[in-house]
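Reproduced below: structure.cif, with mmCIF, C-alpha atoms.
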data_work
#
loop_
_atom_site.label_atom_id
_atom_site.label_comp_id
_atom_site.auth_asym_id
_atom_site.auth_seq_id
_atom_site.Cartn_x
_atom_site.Cartn_y
_atom_site.Cartn_z
CA MET A 886 98.67 129.96 58.74
CA THR A 887 95.49 128.21 59.71
CA ARG A 888 92.35 128.89 57.75
CA ASP A 889 90.66 130.00 60.98
CA LYS A 890 93.22 132.40 62.42
CA HIS A 891 92.90 135.94 61.08
CA PHE A 892 95.50 138.55 61.83
CA TYR A 893 94.60 142.23 61.85
CA ILE A 894 96.95 145.20 61.69
CA GLU A 895 95.08 147.96 63.48
CA SER A 896 97.40 150.84 62.64
CA PHE A 897 96.56 150.71 58.91
CA ASP A 898 93.25 150.65 57.07
CA THR A 899 94.79 148.85 54.10
CA VAL A 900 97.74 146.51 53.82
CA ALA A 901 99.13 146.33 50.28
CA LEU A 902 100.38 142.94 49.09
CA SER A 903 102.39 142.15 46.01
CA SER A 904 100.67 139.69 43.68
CA PHE A 905 103.94 137.80 43.23
CA ARG A 906 103.23 134.11 43.91
CA ILE A 907 99.81 134.93 45.33
CA GLU A 908 96.87 133.56 43.36
CA GLN A 909 93.53 135.31 43.29
CA SER A 910 90.54 133.06 42.74
CA PRO A 911 89.14 132.89 39.20
CA PHE A 912 85.71 133.10 40.86
CA ALA A 913 86.46 136.30 42.80
CA ASP A 914 84.71 138.60 40.35
CA ARG A 915 81.46 136.80 41.16
CA TYR A 916 81.41 137.81 44.82
CA VAL A 917 84.16 140.25 45.82
CA THR A 918 83.19 143.65 47.26
CA ASP A 919 85.07 146.45 48.97
CA GLU A 920 84.30 144.72 52.30
CA THR A 921 85.57 141.26 51.41
CA VAL A 922 88.36 140.08 53.71
CA PHE A 923 90.74 137.56 52.17
CA CYS A 924 93.12 135.15 53.86
CA LEU A 925 96.03 133.26 52.34
CA TYR A 926 96.43 129.48 52.20
CA CYS A 927 98.61 127.47 49.79
CA ASP A 928 99.58 130.84 48.24
CA ARG A 929 95.93 131.30 47.29
CA LEU A 930 93.53 133.99 48.44
CA TYR A 931 90.14 132.90 49.70
CA PRO A 932 87.22 134.84 51.23
CA ALA A 933 87.29 134.69 55.03
CA LYS A 934 84.58 137.30 55.51
CA MET A 935 82.23 139.01 53.06
CA THR A 936 81.01 142.02 55.03
CA ALA A 937 81.83 143.76 58.27
CA GLY A 938 78.45 142.73 59.69
CA GLU A 939 78.50 139.17 58.41
CA ASP A 940 76.65 136.69 60.60
CA PRO A 941 78.40 133.31 60.40
CA LEU A 942 75.65 131.74 62.52
CA SER A 943 72.92 132.02 59.87
CA LYS A 944 75.23 130.48 57.27
CA TYR A 945 76.23 127.80 59.77
CA TRP A 946 72.63 126.65 60.10
CA LYS A 947 72.23 126.82 56.34
CA LEU A 948 75.22 124.47 56.10
CA ARG A 949 73.78 122.11 58.70
CA ARG A 950 70.25 122.03 57.28
CA GLY A 951 70.60 122.91 53.61
CA VAL A 952 73.53 123.58 51.30
CA LEU A 953 76.28 126.16 50.77
CA LEU A 954 78.81 126.89 48.04
CA TYR A 955 82.39 127.72 49.06
CA ASP A 956 85.38 128.99 47.10
CA VAL A 957 88.28 127.22 48.83
CA PRO A 958 92.10 127.36 48.50
CA GLU A 959 92.92 123.63 48.65
CA LYS A 960 95.65 122.81 46.15
CA PRO A 961 96.16 119.44 44.44
CA LEU A 962 99.50 118.23 43.14
CA GLU A 963 99.59 115.75 40.26
CA ILE A 964 101.80 112.65 40.44
CA ILE A 965 101.82 110.75 37.18
CA GLY A 966 103.90 108.00 35.57
CA PRO A 967 104.78 104.29 35.86
CA ASP A 968 106.48 104.91 39.24
CA ALA A 969 103.77 107.18 40.68
CA THR A 970 102.60 104.52 43.13
CA ARG A 971 106.17 103.75 44.16
CA LEU A 972 106.88 107.40 44.95
CA LEU A 973 103.71 107.84 47.00
CA GLU A 974 104.33 104.62 48.94
CA ARG A 975 107.76 106.06 49.78
CA VAL A 976 106.50 109.40 51.13
CA LEU A 977 103.08 108.56 52.62
CA ALA A 978 102.32 106.52 55.74
CA CYS A 979 99.13 105.10 54.23
CA ARG A 980 98.85 102.36 51.62
CA VAL A 981 98.61 103.68 48.07
CA GLU A 982 98.92 100.55 45.93
CA THR A 983 95.55 99.24 47.18
CA LEU A 984 93.73 102.49 46.37
CA GLY A 985 91.35 101.92 43.47
CA VAL A 986 90.74 104.33 40.61
CA GLY A 987 88.02 106.74 41.65
CA ARG A 988 88.82 106.36 45.34
CA CYS A 989 90.27 108.79 47.89
CA ARG A 990 92.28 108.21 51.06
CA TYR A 991 93.67 110.38 53.84
CA GLY A 992 97.45 110.36 53.70
CA ILE A 993 100.12 111.67 56.08
CA ALA A 994 103.70 112.39 55.03
CA CYS A 995 106.32 112.30 57.78
CA ASN A 996 109.82 113.59 58.28
CA SER A 997 112.57 111.06 58.97
CA ASP A 998 112.10 111.64 62.72
CA GLY A 999 108.44 110.61 62.49
CA THR A 1000 106.93 114.07 62.90
CA VAL A 1001 104.16 115.14 60.53
CA LEU A 1002 105.39 117.03 57.47
CA MET A 1003 102.16 117.23 55.48
CA ASP A 1004 98.67 115.79 55.42
CA GLY A 1005 96.06 115.66 52.71
CA VAL A 1006 93.84 113.48 50.57
CA ILE A 1007 95.27 111.20 47.89
CA MET A 1008 92.94 110.56 44.92
CA ARG A 1009 93.51 108.07 42.11
CA LEU A 1010 92.39 109.46 38.74
CA GLY A 1011 93.92 106.63 36.68
CA GLU A 1012 96.20 103.61 37.03
CA ASP A 1013 99.34 105.77 37.07
CA ARG A 1014 97.78 109.16 37.82
CA PHE A 1015 97.15 110.59 41.27
CA TRP A 1016 96.28 113.93 42.83
CA TYR A 1017 97.41 114.75 46.36
CA VAL A 1018 95.28 117.56 47.80
CA LYS A 1019 97.68 118.98 50.32
CA ALA A 1020 97.44 121.25 53.32
CA ASN A 1021 99.18 124.61 53.58
CA GLY A 1022 102.93 124.58 53.00
CA GLU A 1023 105.54 123.49 50.51
CA PHE A 1024 105.36 119.89 49.36
CA GLU A 1025 105.92 119.82 45.61
CA SER A 1026 109.71 120.05 45.91
CA TRP A 1027 109.67 117.28 48.55
CA LEU A 1028 107.86 114.96 46.15
CA LYS A 1029 110.21 115.85 43.30
CA ALA A 1030 113.29 115.28 45.43
CA ASN A 1031 112.08 111.87 46.53
CA GLY A 1032 111.14 111.03 42.97
CA LEU A 1033 114.67 111.36 41.62
CA GLY A 1034 115.57 108.24 39.67
CA LEU A 1035 111.94 107.21 39.29
CA ASP A 1036 109.82 107.35 36.16
CA VAL A 1037 107.37 109.86 37.55
CA ALA A 1038 106.44 113.52 37.05
CA VAL A 1039 105.20 115.85 39.79
CA SER A 1040 103.43 119.05 38.84
CA ASP A 1041 100.86 121.64 39.88
CA PRO A 1042 97.73 121.13 37.74
CA ASN A 1043 96.62 124.64 38.73
CA SER A 1044 93.16 123.40 39.64
CA ARG A 1045 90.93 125.71 41.67
CA VAL A 1046 88.43 123.98 43.94
CA LEU A 1047 84.81 124.64 44.83
CA GLN A 1048 83.06 122.91 47.71
CA ILE A 1049 79.32 122.29 47.89
CA GLN A 1050 78.52 121.21 51.42
CA GLY A 1051 75.42 120.32 53.42
CA PRO A 1052 72.64 117.70 53.40
CA ARG A 1053 71.32 118.94 50.02
CA SER A 1054 74.75 118.93 48.32
CA LEU A 1055 74.14 115.74 46.34
CA ASP A 1056 70.79 117.10 45.16
CA VAL A 1057 72.71 120.01 43.66
CA LEU A 1058 75.27 117.70 42.04
CA ASP A 1059 72.50 115.50 40.63
CA ALA A 1060 70.90 118.57 39.07
CA ALA A 1061 74.27 119.81 37.75
CA ILE A 1062 74.97 116.54 35.92
CA GLY A 1063 71.45 116.35 34.49
CA GLY A 1064 70.25 113.58 36.82
CA GLY A 1065 71.30 110.00 37.35
CA LEU A 1066 73.79 110.42 40.20
CA PRO A 1067 74.43 106.81 41.26
CA ALA A 1068 73.85 105.50 44.76
CA ASP A 1069 77.39 104.14 44.86
CA PHE A 1070 78.88 107.65 44.79
CA LYS A 1071 79.78 107.26 48.44
CA TYR A 1072 82.05 109.06 50.89
CA PHE A 1073 85.65 109.29 49.63
CA ARG A 1074 84.65 108.25 46.10
CA ALA A 1075 85.50 110.43 43.10
CA GLY A 1076 85.14 110.52 39.33
CA PHE A 1077 84.80 112.61 36.19
CA PHE A 1078 81.35 114.08 35.64
CA ASP A 1079 79.76 116.33 33.05
CA VAL A 1080 79.02 119.22 35.42
CA CYS A 1081 76.89 121.87 33.75
CA GLY A 1082 78.40 120.93 30.39
CA GLN A 1083 82.04 120.83 31.55
CA THR A 1084 83.96 117.61 32.28
CA LEU A 1085 85.34 117.95 35.83
CA TRP A 1086 86.74 115.75 38.60
CA VAL A 1087 84.36 115.58 41.58
CA SER A 1088 85.06 113.97 44.96
CA ARG A 1089 82.79 113.24 47.91
CA THR A 1090 85.01 115.02 50.39
CA GLY A 1091 85.06 118.35 52.20
CA TRP A 1092 86.10 120.45 55.16
CA THR A 1093 82.83 120.57 57.13
CA GLY A 1094 81.91 117.13 58.47
CA GLU A 1095 78.64 117.35 56.52
CA MET A 1096 77.65 115.54 53.35
CA GLY A 1097 79.48 117.33 50.57
CA ILE A 1098 81.45 117.38 47.36
CA GLU A 1099 84.50 119.11 45.94
CA ILE A 1100 84.67 120.15 42.28
CA TYR A 1101 88.12 120.48 40.69
CA CYS A 1102 88.57 122.87 37.78
CA ASN A 1103 90.85 122.32 34.78
CA SER A 1104 93.66 124.54 33.57
CA GLY A 1105 94.11 122.67 30.27
CA PRO A 1106 93.95 121.30 27.64
CA GLU A 1107 90.22 122.13 28.01
CA PRO A 1108 90.31 124.95 30.57
CA THR A 1109 87.29 125.45 32.77
CA ASP A 1110 85.02 128.39 32.06
CA HIS A 1111 85.00 129.49 35.70
CA GLY A 1112 82.36 132.19 35.34
CA ALA A 1113 79.94 129.88 33.54
CA LEU A 1114 80.53 127.10 36.09
CA TRP A 1115 79.83 129.45 39.00
CA ASP A 1116 76.63 130.80 37.46
CA ASP A 1117 75.39 127.39 36.38
CA LEU A 1118 76.03 125.80 39.78
CA LEU A 1119 74.13 128.55 41.57
CA ALA A 1120 71.26 128.10 39.12
CA CYS A 1121 71.23 124.33 39.77
CA GLY A 1122 71.35 124.97 43.50
CA GLU A 1123 68.60 127.59 43.57
CA PRO A 1124 65.72 125.06 43.95
CA PHE A 1125 67.51 123.69 47.02
CA GLY A 1126 68.23 127.12 48.53
CA MET A 1127 71.98 127.01 47.89
CA GLU A 1128 73.86 130.19 48.75
CA PHE A 1129 77.49 131.27 48.59
CA SER A 1130 79.36 131.64 51.90
CA SER A 1131 82.74 132.81 53.07
CA SER A 1132 84.78 130.36 55.14
CA SER A 1133 83.44 131.77 58.43
CA SER A 1134 80.65 129.16 58.68
CA MET A 1135 82.99 126.41 57.48
CA GLY A 1136 85.45 127.24 60.25
CA ILE A 1137 82.89 126.55 62.97
CA ARG A 1138 81.89 123.21 61.48
CA ARG A 1139 85.43 121.99 60.86
CA ILE A 1140 86.20 122.40 64.57
CA GLU A 1141 82.98 120.67 65.64
CA SER A 1142 83.91 117.90 63.19
CA GLY A 1143 87.42 117.43 64.57
CA ILE A 1144 89.17 118.32 61.30
CA LEU A 1145 92.79 119.24 62.04
CA ASP A 1146 94.86 121.92 60.31
CA ASN A 1147 98.44 120.87 59.61
CA GLY A 1148 101.11 123.15 61.06
CA THR A 1149 98.77 124.76 63.58
CA ASP A 1150 96.62 122.06 65.22
CA ILE A 1151 99.09 119.40 64.11
CA GLU A 1152 102.12 121.26 65.41
CA PRO A 1153 105.48 120.57 63.73
CA ASP A 1154 106.86 118.48 66.61
CA LEU A 1155 103.90 116.07 66.71
CA THR A 1156 103.98 112.56 65.32
CA PRO A 1157 100.73 111.09 63.96
CA PHE A 1158 100.38 109.28 67.29
CA GLY A 1159 100.68 112.51 69.25
CA ALA A 1160 98.09 114.13 66.99
CA GLY A 1161 95.65 111.27 67.54
CA LEU A 1162 96.07 110.07 63.94
CA GLY A 1163 97.88 106.80 64.57
CA GLN A 1164 95.12 104.83 62.81
CA PHE A 1165 96.30 106.34 59.51
CA VAL A 1166 99.84 104.94 59.86
CA ARG A 1167 100.48 101.55 58.25
CA LEU A 1168 103.67 100.31 59.88
CA GLU A 1169 103.17 96.90 58.26
CA LYS A 1170 103.76 98.32 54.75
CA ASP A 1171 107.17 98.47 53.09
CA ASP A 1172 109.59 101.14 54.20
CA PHE A 1173 108.45 104.76 54.01
CA ILE A 1174 110.01 107.99 55.26
CA GLY A 1175 109.71 108.12 59.05
CA ARG A 1176 108.75 104.47 59.50
CA ALA A 1177 111.74 103.51 61.66
CA ALA A 1178 111.20 106.49 63.94
CA LEU A 1179 107.47 105.78 64.23
CA GLU A 1180 108.11 102.15 65.18
CA ALA A 1181 110.14 103.38 68.15
CA ALA A 1182 107.98 106.43 68.93
CA ASP A 1183 105.94 107.07 72.06
CA ARG A 1184 102.33 106.23 71.19
CA SER A 1185 100.83 108.68 73.70
CA GLN A 1186 98.23 111.07 72.33
CA LEU A 1187 98.79 114.76 73.06
CA LEU A 1188 96.08 116.49 71.01
CA PHE A 1189 92.47 116.25 72.16
CA GLY A 1190 89.17 118.05 72.10
CA LEU A 1191 88.19 120.46 74.87
CA LEU A 1192 84.65 121.28 76.02
CA CYS A 1193 84.08 124.44 78.06
CA PRO A 1194 80.52 125.60 78.88
CA THR A 1195 81.51 128.99 80.33
CA ALA A 1196 84.10 130.27 77.85
CA THR A 1197 85.13 129.94 74.22
CA PRO A 1198 88.56 128.35 73.74
CA GLU A 1199 90.88 130.54 71.68
CA ALA A 1200 94.25 129.90 70.09
CA ASP A 1201 97.18 130.08 72.55
CA LEU A 1202 95.08 130.14 75.73
CA GLN A 1203 96.73 128.09 78.47
CA VAL A 1204 95.23 124.95 79.96
CA HIS A 1205 96.09 124.24 83.60
CA SER A 1206 95.94 121.18 85.82
CA GLY A 1207 97.35 120.77 89.29
CA ASN A 1208 99.91 123.46 90.04
CA GLY A 1209 100.41 124.98 86.61
CA PRO A 1210 100.03 124.94 82.84
CA VAL A 1211 99.96 121.59 81.07
CA GLY A 1212 99.04 122.63 77.56
CA HIS A 1213 97.50 125.21 75.26
CA VAL A 1214 94.61 125.65 72.86
CA THR A 1215 95.38 125.55 69.12
CA ILE A 1216 91.95 126.70 67.88
CA GLY A 1217 88.46 127.10 69.28
CA THR A 1218 84.93 128.34 68.67
CA TRP A 1219 81.47 128.39 70.20
CA SER A 1220 79.46 125.37 69.09
CA PRO A 1221 75.91 126.39 68.13
CA THR A 1222 74.83 122.73 68.07
CA LEU A 1223 76.23 121.80 71.49
CA GLU A 1224 75.83 125.31 72.95
CA THR A 1225 79.24 125.18 74.55
CA GLY A 1226 82.77 126.27 73.81
CA VAL A 1227 84.84 123.72 71.89
CA GLY A 1228 88.46 123.64 70.82
CA TYR A 1229 91.60 121.57 70.52
CA VAL A 1230 94.04 121.28 73.39
CA ARG A 1231 97.68 120.34 72.84
CA PHE A 1232 99.20 118.91 76.01
CA ASP A 1233 102.89 119.41 76.71
CA ARG A 1234 103.42 115.82 77.82
CA PRO A 1235 101.50 112.61 78.51
CA LEU A 1236 99.68 112.28 81.81
CA PRO A 1237 101.90 110.02 83.93
CA GLY A 1238 100.29 106.65 84.47
CA ASP A 1239 97.02 107.73 82.89
CA ASP A 1240 95.40 109.41 79.88
CA TRP A 1241 94.14 112.98 79.52
CA LEU A 1242 90.83 111.85 78.01
CA GLY A 1243 87.88 112.63 80.27
CA LYS A 1244 89.92 114.71 82.72
CA THR A 1245 88.73 118.05 84.06
CA VAL A 1246 91.21 120.87 83.44
CA LEU A 1247 91.14 124.65 83.75
CA LEU A 1248 91.01 126.93 80.72
CA ARG A 1249 92.66 130.27 81.52
CA ASP A 1250 91.00 133.13 79.58
CA ARG A 1251 92.72 136.35 78.49
CA ASP A 1252 91.67 138.11 81.69
CA GLY A 1253 93.32 135.41 83.79
CA ASN A 1254 90.04 133.79 84.87
CA SER A 1255 89.83 130.01 85.08
CA HIS A 1256 87.02 127.93 83.57
CA GLU A 1257 86.43 124.24 84.11
CA ALA A 1258 86.75 122.27 80.87
CA THR A 1259 86.60 118.58 79.97
CA VAL A 1260 89.03 116.76 77.70
CA ASP A 1261 87.03 115.00 75.00
CA THR A 1262 87.43 112.83 71.91
CA LEU A 1263 87.11 114.27 68.42
CA PRO A 1264 84.82 114.97 66.68
CA PHE A 1265 82.55 116.87 69.05
CA VAL A 1266 79.47 116.56 66.82
CA ASP A 1267 78.52 113.34 65.00
CA LYS A 1268 80.94 111.13 66.93
CA GLN A 1269 80.52 108.23 64.49
CA LYS A 1270 81.05 110.51 61.44
CA GLN A 1271 77.84 109.34 59.80
CA LEU A 1272 76.81 112.70 58.30
CA PRO A 1273 79.42 112.82 55.50
CA ARG A 1274 78.86 109.11 54.84
CA ALA A 1275 75.11 109.45 54.23
CA ILE A 1276 73.88 107.39 51.28
CA TRP A 1277 72.50 109.29 48.28
CA SER A 1278 68.79 108.55 48.09
CA GLY A 1279 67.64 111.12 45.54
CA PRO A 1280 66.01 110.57 42.15
CA GLY A 1281 69.19 109.25 40.56
CA ALA A 1282 69.82 106.57 43.18
CA GLY A 1283 67.54 104.17 41.30
#
Translate the structure of the given file into structure tokens.
Amino acid sequence: MTRDKHFYIESFDTVALSSFRIEQSPFADRYVTDETVFCLYCDRLYPAKMTAGEDPLSKYWKLRRGVLLYDVPEKPLEIIGPDATRLLERVLACRVETLGVGRCRYGIACNSDGTVLMDGVIMRLGEDRFWYVKANGEFESWLKANGLGLDVAVSDPNSRVLQIQGPRSLDVLDAAIGGGLPADFKYFRAGFFDVCGQTLWVSRTGWTGEMGIEIYCNSGPEPTDHGALWDDLLACGEPFGMEFSSSSSMGIRRIESGILDNGTDIEPDLTPFGAGLGQFVRLEKDDFIGRAALEAADRSQLLFGLLCPTATPEADLQVHSGNGPVGHVTIGTWSPTLETGVGYVRFDRPLPGDDWLGKTVLLRDRDGNSHEATVDTLPFVDKQKQLPRAIWSGPGAG
């Protein structure tokens, strides 16, 4: 399921779930109440809403102008051994061998027919040690199956992730490490830091399109003291106004930022080209799963942004052009920054002899009313993606 679609069963006040293969957050005791609504992603529970009257808009502006702390369900897999690079080159469409230690890279894994199987961020922790922070869905067994015969081990490091996001996020990190955060800790860089007295892997990545970091906890041999980390981070963030937030504010920003959710926005029949992610495919590299199919694939893009000033795009709403439907919305929200409805539209087919970009289409709402909408590029906000790339200029930049 997508992290932004919530399903409600109205005939019951409570739905009981077995805890089998469902992980509760080790931070939950710091924020959970009787009103907390959890969603499930990567078999992990995360807070989608804190109270019935929660106002995502106030937290949204806090994210845009200050800093927020999120408990997120992203799940890394560890790939380690002399053949770790060889395995990842086999399953990912990006280059892995050229990735330096302490660097991150977006990586797509494809099926043999070229469709997207999984997407995520690959991080190099050591010469023969990687973490792949995957999207929702099974991927560990896929890696293990493709690693047969190689000198490599694939495992779940059981690392829970916190995100600190917003323009003051690096101020918080600088305080948490006792000062001295270097200026070269740039976007998609990562490294081990002493965070509030605990050695943790930290990356300059996130799910919001703002400046931000992700902090990865340890399960062993020196397990993270989750309660102490939570309390210490909030104390470090207090001078900068940092607050905890559910994912409701994050969901708005991820759509404005053009961040796609695999399996929902990137539907199972889409190739990277169809999803508008062709720039992340390196056909010039040695053979990888799906390469032959991608070489012969249609390069037409089918997934775009949609701007609608009179209605909010919602998942599964139809988009019409000419005499009938031509596509559907995968996710949408109201953009507080642009003051218009924004969402992603998946077209059924390419526009013959032309491109969908810039076209005016009709968004059909749930009452059957039509609203003019414009097909746009992603992201909607910060088109050049400069916000997450901002250079650290605090006291430790020196």
Pick from A:Pro967, A:Pro1042, A:Gly1097, A:Gly1011, whichever lies nearest to A:Ser1054 using all atoms listed in the file: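 Among the listed residues, A:Gly1097 lies closest to A:Ser1054.
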Of the listed residues A:Asp1252, A:Asp1239, A:Asp1036, A:Glu963, that which approaches A:Ile1007 most closely, counting only C-alpha atoms: A:Glu963
Translate the PyMOL selection byres ((chain A and resi 1087) around 8), as applied to the file shown, into an explicit residue set as JSON, numbers by chain. {"A": [1075, 1076, 1077, 1078, 1085, 1086, 1088, 1089, 1098, 1099, 1100, 1101]}
Report as a list in words the full result of the PyMOL selection byres ((chain A and resi 1108) around 12) when it is applied to this structure.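 When the PyMOL selection byres ((chain A and resi 1108) around 12) is applied to the shown file, the picked residues are Pro911, Pro1042, Asn1043, Ser1044, Arg1045, Gln1083, Thr1084, Leu1085, Tyr1101, Cys1102, Asn1103, Ser1104, Gly1105, Pro1106, Glu1107, Thr1109, Asp1110, His1111, Gly1112, Ala1113 and Leu1114 of chain A.
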Just checking: using only C-alpha atoms, which residue out of A:Ile964, A:Leu1047, A:Arg980, A:Ile1140 ends up closest to A:Leu1035?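 Checking each of A:Ile964, A:Leu1047, A:Arg980, A:Ile1140 against A:Leu1035, counting only C-alpha atoms, the winner is A:Ile964.
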Any idea what the distance is between atom CA of A:Pro1210 and atom CA of A:Thr1262?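 Atom-to-atom, atom CA of A:Pro1210 to atom CA of A:Thr1262, that is 20.6 Å.
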Can you translate the PyMOL selection byres ((chain A and resi 1155) around 12) into the concrete residues it hits in this file, as a PyMOL selection string? chain A and resi 995-996+998-1003+1147-1154+1156-1163+1179+1182-1188+1231-1234
For the residues in the current selection, export C-alpha atoms as a tab-separated table (two decimals), in the frame of the given file.
chain	number	residue	atom	x	y	z
A	995	CYS	CA	106.32	112.30	57.78
A	996	ASN	CA	109.82	113.59	58.28
A	998	ASP	CA	112.10	111.64	62.72
A	999	GLY	CA	108.44	110.61	62.49
A	1000	THR	CA	106.93	114.07	62.90
A	1001	VAL	CA	104.16	115.14	60.53
A	1002	LEU	CA	105.39	117.03	57.47
A	1003	MET	CA	102.16	117.23	55.48
A	1147	ASN	CA	98.44	120.87	59.61
A	1148	GLY	CA	101.11	123.15	61.06
A	1149	THR	CA	98.77	124.76	63.58
A	1150	ASP	CA	96.62	122.06	65.22
A	1151	ILE	CA	99.09	119.40	64.11
A	1152	GLU	CA	102.12	121.26	65.41
A	1153	PRO	CA	105.48	120.57	63.73
A	1154	ASP	CA	106.86	118.48	66.61
A	1156	THR	CA	103.98	112.56	65.32
A	1157	PRO	CA	100.73	111.09	63.96
A	1158	PHE	CA	100.38	109.28	67.29
A	1159	GLY	CA	100.68	112.51	69.25
A	1160	ALA	CA	98.09	114.13	66.99
A	1161	GLY	CA	95.65	111.27	67.54
A	1162	LEU	CA	96.07	110.07	63.94
A	1163	GLY	CA	97.88	106.80	64.57
A	1179	LEU	CA	107.47	105.78	64.23
A	1182	ALA	CA	107.98	106.43	68.93
A	1183	ASP	CA	105.94	107.07	72.06
A	1184	ARG	CA	102.33	106.23	71.19
A	1185	SER	CA	100.83	108.68	73.70
A	1186	GLN	CA	98.23	111.07	72.33
A	1187	LEU	CA	98.79	114.76	73.06
A	1188	LEU	CA	96.08	116.49	71.01
A	1231	ARG	CA	97.68	120.34	72.84
A	1232	PHE	CA	99.20	118.91	76.01
A	1233	ASP	CA	102.89	119.41	76.71
A	1234	ARG	CA	103.42	115.82	77.82
Please build the interface table for stretch 1040-1138 of chain A against stretch 936-952 of chain A with a cut-off of 6 Å, listing for each qualifying residue the nearest atom pair and the distance in Å to one decimal; count only C-alpha atoms, order rows by chain and increasing number, and write it as CSV.
residue,atom,partner,partner_atom,distance
A:Gln1050,CA,A:Val952,CA,5.5
A:Gly1051,CA,A:Val952,CA,4.3
A:Pro1052,CA,A:Gly951,CA,5.6
A:Arg1053,CA,A:Val952,CA,5.3
A:Ser1054,CA,A:Val952,CA,5.7
A:Met1127,CA,A:Val952,CA,5.1
A:Ser1133,CA,A:Pro941,CA,5.6
A:Ser1134,CA,A:Tyr945,CA,4.8
Take atom CA of A:Pro1194 and atom CA of A:Val1260 and report the distance between them in Å, one decimal.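 Pair atom CA of A:Pro1194 / atom CA of A:Val1260 returns 12.3 Å.
For the pair atom CA of A:Gly1279 and atom CA of A:Tyr1072, the interatomic distance is 15.5 Å.
Closest approach to A:Glu908 among A:Val981, A:Val957, A:Val1230, A:Ala1258: A:Val957, based on only C-alpha atoms.
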Give me, as number ranges by chain, all polymer residues having an atom no more than 10 Å from A:Glu1141, counting all atoms listed in the file and skipping those fewer than 4 positions away in the same chain. A: 1093-1094, 1135-1137, 1190, 1217-1223, 1226-1229, 1263-1268
Filtering to all heavy atoms, could stretch 931-935 of chain A of the supplied structure be written out as a short mmCIF file (atom, residue, chain, number, x, y, z; two decimals), in the first residue's frame?
data_model
loop_
_atom_site.label_atom_id
_atom_site.label_comp_id
_atom_site.auth_asym_id
_atom_site.auth_seq_id
_atom_site.Cartn_x
_atom_site.Cartn_y
_atom_site.Cartn_z
N TYR A 931 3.69 2.59 11.26
CA TYR A 931 4.17 3.96 11.41
C TYR A 931 2.97 4.87 11.63
O TYR A 931 1.85 4.56 11.20
CB TYR A 931 4.98 4.40 10.19
CG TYR A 931 4.15 4.60 8.95
CD1 TYR A 931 3.68 5.86 8.59
CD2 TYR A 931 3.81 3.53 8.13
CE1 TYR A 931 2.91 6.04 7.45
CE2 TYR A 931 3.05 3.70 6.99
CZ TYR A 931 2.60 4.95 6.66
OH TYR A 931 1.82 5.13 5.53
N PRO A 932 3.15 6.00 12.32
CA PRO A 932 2.01 6.87 12.66
C PRO A 932 1.56 7.72 11.47
O PRO A 932 2.29 8.58 11.00
CB PRO A 932 2.57 7.73 13.80
CG PRO A 932 4.03 7.79 13.53
CD PRO A 932 4.41 6.47 12.91
N ALA A 933 0.35 7.45 11.00
CA ALA A 933 -0.21 8.23 9.90
C ALA A 933 -0.99 9.43 10.40
O ALA A 933 -1.13 10.43 9.69
CB ALA A 933 -1.13 7.35 9.06
N LYS A 934 -1.50 9.34 11.61
CA LYS A 934 -2.27 10.44 12.20
C LYS A 934 -2.16 10.31 13.71
O LYS A 934 -2.20 9.20 14.26
CB LYS A 934 -3.74 10.37 11.76
CG LYS A 934 -4.59 11.53 12.26
CD LYS A 934 -6.05 11.34 11.86
CE LYS A 934 -6.25 11.48 10.37
NZ LYS A 934 -7.70 11.46 10.02
N MET A 935 -2.00 11.44 14.40
CA MET A 935 -1.84 11.39 15.85
C MET A 935 -3.15 11.58 16.61
O MET A 935 -3.37 10.97 17.64
CB MET A 935 -0.83 12.45 16.30
CG MET A 935 0.60 12.16 15.83
SD MET A 935 1.19 10.52 16.31
CE MET A 935 1.07 10.64 18.08
#
